[in-house]
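Let me begin by presenting the structure, written as C-alpha cells, before commenting on it.
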Amino acid sequence: MALTNETIKERLKAKFGDELSNFEEPYGLLTFEAPKDLNLKIMQFLFDDEELRFQFLTDLTAVHYPGQAGRELAVVYHLHNLTDNIRLRMKVFAPIAQPDVFTATQLYSSANWMERETFDFYGVNFVGHPNLKRILNVDEMTYFPMRKEFPLEDQTRIDKDDAMFGRGPGGIVSPVDAKVRTSVAGQAGPLNTADPGGATSDQR
Amino acid sequence: MSVDQHIKLPEGSIEKTTTTLNLGPTHPATHGVFQNILELDGERIVSAEQTVGYIHRAFEKLAERRPLYQITTLTDRLNYCSSPINNMGWHITCEKLLGVKTPKRVDYLRVIIMELSRISDHLICNSVVGVDSGAFTGFLYVMQYRELIYEIYEEVCGSRLTTNMGRIGGFERNFTNAAFEKLEKFLAEYPGVLREFENMFTRNRIFMERTIGAGPISAERALNYGFTGPNLRAAGVDYDVRVHTPYSSYEDFQFDIPVGNTGDCYDRFLVRNGEMWQSLKIIEDAYRKVKEFKGTDADVYHADAPAYYLPEKKDVYTKMEALIWHFKIVMGETEIPPGEVYQSVEGGNGEVGYYLISDGGRTPYRLHFRRPCFIYYQAYSELTKGSMLSDAIITMSSLNLIAGEMDA
C-alpha cells in the first residue's frame, strides 16, 4: 500500500499528539512544525518506523525570520522515503538568542556538512555535532552572514571609491571618458597628472 | 639500526611516523579548487580531511536581492559541466511556484537540452577518470563531441559554458534549423564514438585493475551519506529523480536506469557510460516527438506567461501593454506570489534541489540550493581510508567533484 500524506500525518499524530502543529501541504509536500527539543525523536521515529521509513535526508537548511520574536530561526529538514517515494518537510523553530537544536548526524551521516553549513551561515548550534565549525566561510569570521541583519551592499551607493572597477564617484564611468569627467569636475585624478600638456597644474 | 648509518639522530627524536600531504587547493589532480589534507603512512592513506569553500560566492545571499530571471545566471555557475540542467531546473522551480504550465514542445526541447548536458557532464567525468589512470587519448578524442554539444548550446542560446539558457515559461527563441542539424549530426556520429570510447576502457586490463575495488561504498552507506545520481546508482540503488518525481514530461519517455553493485570507481564508470546510452535514446525519442508537431504547434517555444516571459520586441515598440510588461520584467518589478517550493531535477551528479521561499516580494525571501557534490564529498575520507594515494586520486575524479557546485 502506498504511503500517503494522510497516513503519515495520522501516524505522527498518534505518536506525538499535539506536539506537532501547522500541518500543511504546499504543492503536495507534507509540511509540519515540531518543537525544537523533539526534532531528533521525531526523526528517529520517522527513520525506524517500519511503515514510514524516512531514511534519506535530502536537504537541511535554515531560514531567518527576524520578525518572529522567540522563534527567529527555522531549521528545515527535507526527508525522503525512497521505498514509497514520498517526501516530507519538517520545520523546527529556535530563538536566535539561544539557537540550540539537536544534531541529526547520528541518524544521517550526510547531516554532518549540511549542519556545518547551516551553522556557518545562520549560527544554529547543533547540540552533539562531532565537528561543528565553519565550512564555507573563513574560520575567523565572527558573524553569521545569511541572517537578515546583513543586507547586501546598496547597488546605488556612490560614496565608494571603485575607480579600479570602472565605477568612479560620479557613478559608472568607462575608462575612456574617465579622463574627461575628472577634468570637468576639476579634480586632479591620476589620469590628469599623466596628461602631457600639464594643463591642470598650470591652471591651479 | 645498522652500524653504518650516517645520520645520527638523538634517541626518540622522530615521533611522527606518518607524512602529511596537502592535495590541493590548486593541484592538477583535484580538477577544481578544494583541498584534501592526507595523512599518509608510506603510500597508504591513514586519514583524509577535506577543506572546501575556496570559491564560495554567496549565491544564496545574492539571490535574495535578485528578481527570478536574474538568478538563472547564478545557477549556471553551480555545476558548470552541465549548466543547462541547472538552468532548466531553476525555470521549472519558478514555474511551479508561479503556476505556469509549459507546452509539451517546450518540455521535449528541454529534455533534449538536459540530456545533452548530461552526456557532456558524464563524458568529461569518465574521460578524466581515464586521464587519472594514465590514458589521455580518450579524453582528447571525446572532447571533440563535447565541443559539438557546446555548439548546439551556442545555436540555442548564444553561449557555451555558462549558458543562461531558457526563460521562465520556455526558451528565449525557437531552436534554429542549424541547431537541429547539429543535433542530427551528433545523434548520427556520437554512438560510434561512445562505442570506441568504451572499447578503449571497459575491458582494458590496466584500467580495470586501477578502478575495480577503488573507493567502494555500500548501498546502505551511500544512502546514509546522501548520495544521489550515478554515484548512488553505482552502489546499486535505482533512485533517479527523472523516474521518481518526473518533471518536464519525463514520464513520456521510456529508459532504463543503469545500476552497479559495488559502488567502486569501475561501477561508477560503467553507470555513467550506461547513462550516456540511455540519454542518447531519450534525445532520439524527444527529437522524434518534437518533429511530430505540425502547423502552429511546431512554432511553440514558450508558455503564455506575460508577467514573466518577455514580449516580442516588435510588440514592445508598437503595443502599450507589451511595453509595460517588458519594463516590469526587466526592472524586476513583478511581485512573486508567496509560497514555498521544493523542486529537484536529476543533474549530472545527482539530485539538484531548489528550495524557494517567497513572501510576496519581488525577490525570493530565501533560496537554498541542494548541491549533490557538497553532500557526497563528505564521504571521501571514508571512501579512501586505507587505500593507496593513487586510488584516492582516481576516486576523487570518478565521484565527479565540481568545486563550483560544492561551494555555491
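Labels used: A, B, ... for chains in the order of the C-alpha cells, numbers from 1 for residues in each chain, and numbers from 1 for ligands as shown.
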TODO: Give me every strand (DSSP E or B) residue in region 3-192 of chain A, going by DSSP on the backbone, as a PyMOL selection string.
DONE: chain A and resi 21-24+30-34+56-64+73-81+86-94+100-102+125-127+162+167-168+171-172
Residues of chain A at most 6 Å from chain B: nearest atom pair and distance in Å, only C-alpha atoms, as CSV:
```
residue,atom,partner,partner_atom,distance
A:Tyr108,CA,B:Asn224,CA,5.3
A:Ser109,CA,B:Tyr225,CA,5.0
A:Ser110,CA,B:Tyr225,CA,4.3
A:Leu136,CA,B:Gly53,CA,4.0
```
Open item on the list: So that I can see what lies close to region 100-103 of chain A, please list as a PyMOL selection string the residues with an atom at most 9 Å from it, counting only C-alpha atoms and leaving out residues fewer than 5 positions away in the same chain.
Closed with: chain A and resi 36-40+75+92-95+111-112+115+124-129
Requested write-out: N, CA and C atoms of the selected residues, as a tab-separated table (two decimals), in the first residue's frame:
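Okay, part-v1.tsv is ready:
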```tsv
chain	number	residue	atom	x	y	z
A	36	LYS	N	11.49	22.22	19.20
A	36	LYS	CA	12.90	22.02	18.90
A	36	LYS	C	13.55	20.94	19.75
A	37	ASP	N	13.01	20.66	20.94
A	37	ASP	CA	13.65	19.60	21.72
A	37	ASP	C	13.16	18.21	21.32
A	38	LEU	N	12.25	18.16	20.35
A	38	LEU	CA	11.75	16.86	19.93
A	38	LEU	C	12.26	16.45	18.54
A	39	ASN	N	13.01	17.33	17.89
A	39	ASN	CA	13.32	17.08	16.48
A	39	ASN	C	14.01	15.74	16.25
A	40	LEU	N	14.92	15.38	17.15
A	40	LEU	CA	15.66	14.14	16.96
A	40	LEU	C	14.75	12.94	17.20
A	75	VAL	N	14.87	25.80	11.28
A	75	VAL	CA	15.69	24.78	10.65
A	75	VAL	C	14.75	23.88	9.87
A	92	VAL	N	11.69	23.29	12.41
A	92	VAL	CA	11.93	23.44	13.84
A	92	VAL	C	12.32	24.88	14.07
A	93	PHE	N	11.58	25.56	14.96
A	93	PHE	CA	11.89	26.97	15.20
A	93	PHE	C	12.71	27.12	16.49
A	94	ALA	N	13.69	28.01	16.45
A	94	ALA	CA	14.52	28.22	17.63
A	94	ALA	C	14.73	29.72	17.82
A	95	PRO	N	14.84	30.17	19.08
A	95	PRO	CA	15.11	31.59	19.30
A	95	PRO	C	16.54	31.93	18.91
A	111	ALA	N	24.11	14.57	7.31
A	111	ALA	CA	23.77	15.79	8.05
A	111	ALA	C	25.01	16.53	8.50
A	112	ASN	N	26.13	15.85	8.56
A	112	ASN	CA	27.35	16.45	9.10
A	112	ASN	C	27.68	17.79	8.43
A	115	GLU	N	24.77	20.45	8.40
A	115	GLU	CA	24.63	21.18	9.66
A	115	GLU	C	25.77	22.17	9.84
A	124	VAL	N	23.13	28.35	13.82
A	124	VAL	CA	22.34	27.36	14.56
A	124	VAL	C	23.31	26.41	15.26
A	125	ASN	N	23.14	26.27	16.57
A	125	ASN	CA	24.05	25.43	17.33
A	125	ASN	C	23.50	24.00	17.40
A	126	PHE	N	24.11	23.10	16.66
A	126	PHE	CA	23.61	21.73	16.63
A	126	PHE	C	24.24	20.95	17.79
A	127	VAL	N	23.44	20.72	18.81
A	127	VAL	CA	23.95	20.09	20.02
A	127	VAL	C	24.31	18.63	19.73
A	128	GLY	N	25.56	18.28	20.03
A	128	GLY	CA	26.00	16.90	19.84
A	128	GLY	C	26.70	16.66	18.51
A	129	HIS	N	26.86	17.71	17.71
A	129	HIS	CA	27.56	17.55	16.43
A	129	HIS	C	29.04	17.26	16.68
```
Task: Gap from CA of Ser133 (chain B) to CA of Leu187 (chain B) - Å, one decimal - done: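 Atom-to-atom, CA of Ser133 (chain B) to CA of Leu187 (chain B), that is 28.8 Å.
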Residue contacts of Leu389 (chain B) (8 Å, only C-alpha atoms) excluding same-chain residues fewer than 2 positions away, as a PDB file with N, CA and C atoms, in the first residue's frame:
```pdb
ATOM      1  N   GLU B  43      52.611   4.865   1.365  1.00  0.00           N
ATOM      2  CA  GLU B  43      51.708   5.327   0.323  1.00  0.00           C
ATOM      3  C   GLU B  43      50.254   5.067   0.691  1.00  0.00           C
ATOM      4  N   ARG B  44      50.031   4.608   1.886  1.00  0.00           N
ATOM      5  CA  ARG B  44      48.684   4.280   2.316  1.00  0.00           C
ATOM      6  C   ARG B  44      48.060   5.439   3.097  1.00  0.00           C
ATOM      7  N   ILE B  45      46.796   5.675   2.867  1.00  0.00           N
ATOM      8  CA  ILE B  45      46.137   6.819   3.495  1.00  0.00           C
ATOM      9  C   ILE B  45      45.599   6.418   4.854  1.00  0.00           C
ATOM     10  N   SER B 387      43.335   3.160   1.615  1.00  0.00           N
ATOM     11  CA  SER B 387      43.692   2.866   0.230  1.00  0.00           C
ATOM     12  C   SER B 387      44.979   3.583  -0.150  1.00  0.00           C
ATOM     13  N   ASP B 391      44.811   5.558  -5.682  1.00  0.00           N
ATOM     14  CA  ASP B 391      43.381   5.233  -5.665  1.00  0.00           C
ATOM     15  C   ASP B 391      42.560   6.430  -5.207  1.00  0.00           C
ATOM     16  N   ALA B 392      43.128   7.173  -4.272  1.00  0.00           N
ATOM     17  CA  ALA B 392      42.404   8.335  -3.757  1.00  0.00           C
ATOM     18  C   ALA B 392      42.167   9.342  -4.869  1.00  0.00           C
ATOM     19  N   ILE B 393      43.163   9.488  -5.737  1.00  0.00           N
ATOM     20  CA  ILE B 393      43.028  10.456  -6.823  1.00  0.00           C
ATOM     21  C   ILE B 393      41.983   9.996  -7.825  1.00  0.00           C
TER      22      ILE B 393
END
```
- [ ] List the neighbours of Glu151 (chain B) out to 10 Å using only C-alpha atoms; skip same-chain residues closer than 6 positions along the sequence, and give me the result as a list in words.
- [x]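 Using only C-alpha atoms, the neighbours found are Tyr145, Cys157, Gly158, Ser159, Arg160, Ala178, Ala179, Lys182 and Leu183 of chain B.
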Expected file: the selected residues, N, CA and C atoms, as an mmCIF file, in the first residue's frame:
```
data_model
loop_
_atom_site.group_PDB
_atom_site.id
_atom_site.type_symbol
_atom_site.label_atom_id
_atom_site.label_comp_id
_atom_site.auth_asym_id
_atom_site.auth_seq_id
_atom_site.Cartn_x
_atom_site.Cartn_y
_atom_site.Cartn_z
ATOM 1 N N TYR B 145 33.453 15.933 -29.235
ATOM 2 C CA TYR B 145 31.999 15.813 -29.217
ATOM 3 C C TYR B 145 31.373 16.659 -28.126
ATOM 4 N N CYS B 157 21.241 29.288 -27.443
ATOM 5 C CA CYS B 157 21.202 30.421 -26.516
ATOM 6 C C CYS B 157 22.327 31.424 -26.717
ATOM 7 N N GLY B 158 23.326 31.096 -27.513
ATOM 8 C CA GLY B 158 24.379 32.065 -27.773
ATOM 9 C C GLY B 158 25.626 31.895 -26.952
ATOM 10 N N SER B 159 25.591 31.095 -25.912
ATOM 11 C CA SER B 159 26.830 30.917 -25.150
ATOM 12 C C SER B 159 27.085 29.432 -24.894
ATOM 13 N N ARG B 160 28.258 29.152 -24.335
ATOM 14 C CA ARG B 160 28.710 27.777 -24.328
ATOM 15 C C ARG B 160 28.822 27.162 -22.942
ATOM 16 N N ALA B 178 19.797 25.252 -37.813
ATOM 17 C CA ALA B 178 21.194 24.881 -37.595
ATOM 18 C C ALA B 178 21.337 24.050 -36.320
ATOM 19 N N ALA B 179 20.558 24.410 -35.305
ATOM 20 C CA ALA B 179 20.627 23.654 -34.052
ATOM 21 C C ALA B 179 20.192 22.215 -34.280
ATOM 22 N N LYS B 182 22.787 20.282 -36.244
ATOM 23 C CA LYS B 182 23.913 19.863 -35.393
ATOM 24 C C LYS B 182 23.492 18.716 -34.480
ATOM 25 N N LEU B 183 22.248 18.771 -34.027
ATOM 26 C CA LEU B 183 21.751 17.691 -33.178
ATOM 27 C C LEU B 183 21.726 16.382 -33.961
#
```
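For the residues A:Arg11, A:His78, A:Lys133, A:His64, ranking by smallest atom-to-atom distance to Arg147 (chain A) using only C-alpha atoms places A:His64 first.
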Task: Of the listed residues A:Asn131, A:Leu3, A:Pro99, A:Ala34, that which approaches Asp18 (chain A) most closely, counting only C-alpha atoms - done: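 So, comparing all the options, the nearest one is A:Ala34.
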Task: Nearby residues (only C-alpha atoms) at most 7 Å from Thr72 (chain B), same-chain spacing under 6 positions excluded, as an MDAnalysis selection string - done: chainID B and resid 87 90 164
TODO: DSSP on the backbone, then: every residue of region 20-267 of chain B marked helix (DSSP H, G or I), written as an MDAnalysis selection string.
DONE: chainID B and resid 28:30 59:63 68:76 83:98 104:132 137:157 177:201 205:211 219:224 229:234 241:244 250:252 265:267
Open item on the list: Would you pick out the contacts of Asp256 (chain B) at 10 Å or less, using only C-alpha atoms, so that residues sharing its chain but fewer than 6 positions from it are not included, and give the list as a list in words?
Closed with: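 Using only C-alpha atoms, the neighbours found are Asp238, Val243, Gly274, Glu275, Trp277, Gln278, Ser279 and Lys281 of chain B.
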Task: Computed interatomic separation between CA of Glu154 (chain B) and CA of Ile113 (chain B) (Å) - done: 11.6 Å
- [ ] Would you work out the distance separating CA of Lys294 (chain B) from CA of Arg105 (chain B), expressed in Å to one decimal?
- [x] 10.9 Å
TODO: Rank nothing, just name the residue among A:Ala62, A:Leu29, A:Leu46, A:Ile86 nearest to Lys148 (chain A), using only C-alpha atoms.
DONE: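 Closest to Lys148 (chain A) of all the choices is A:Ala62.
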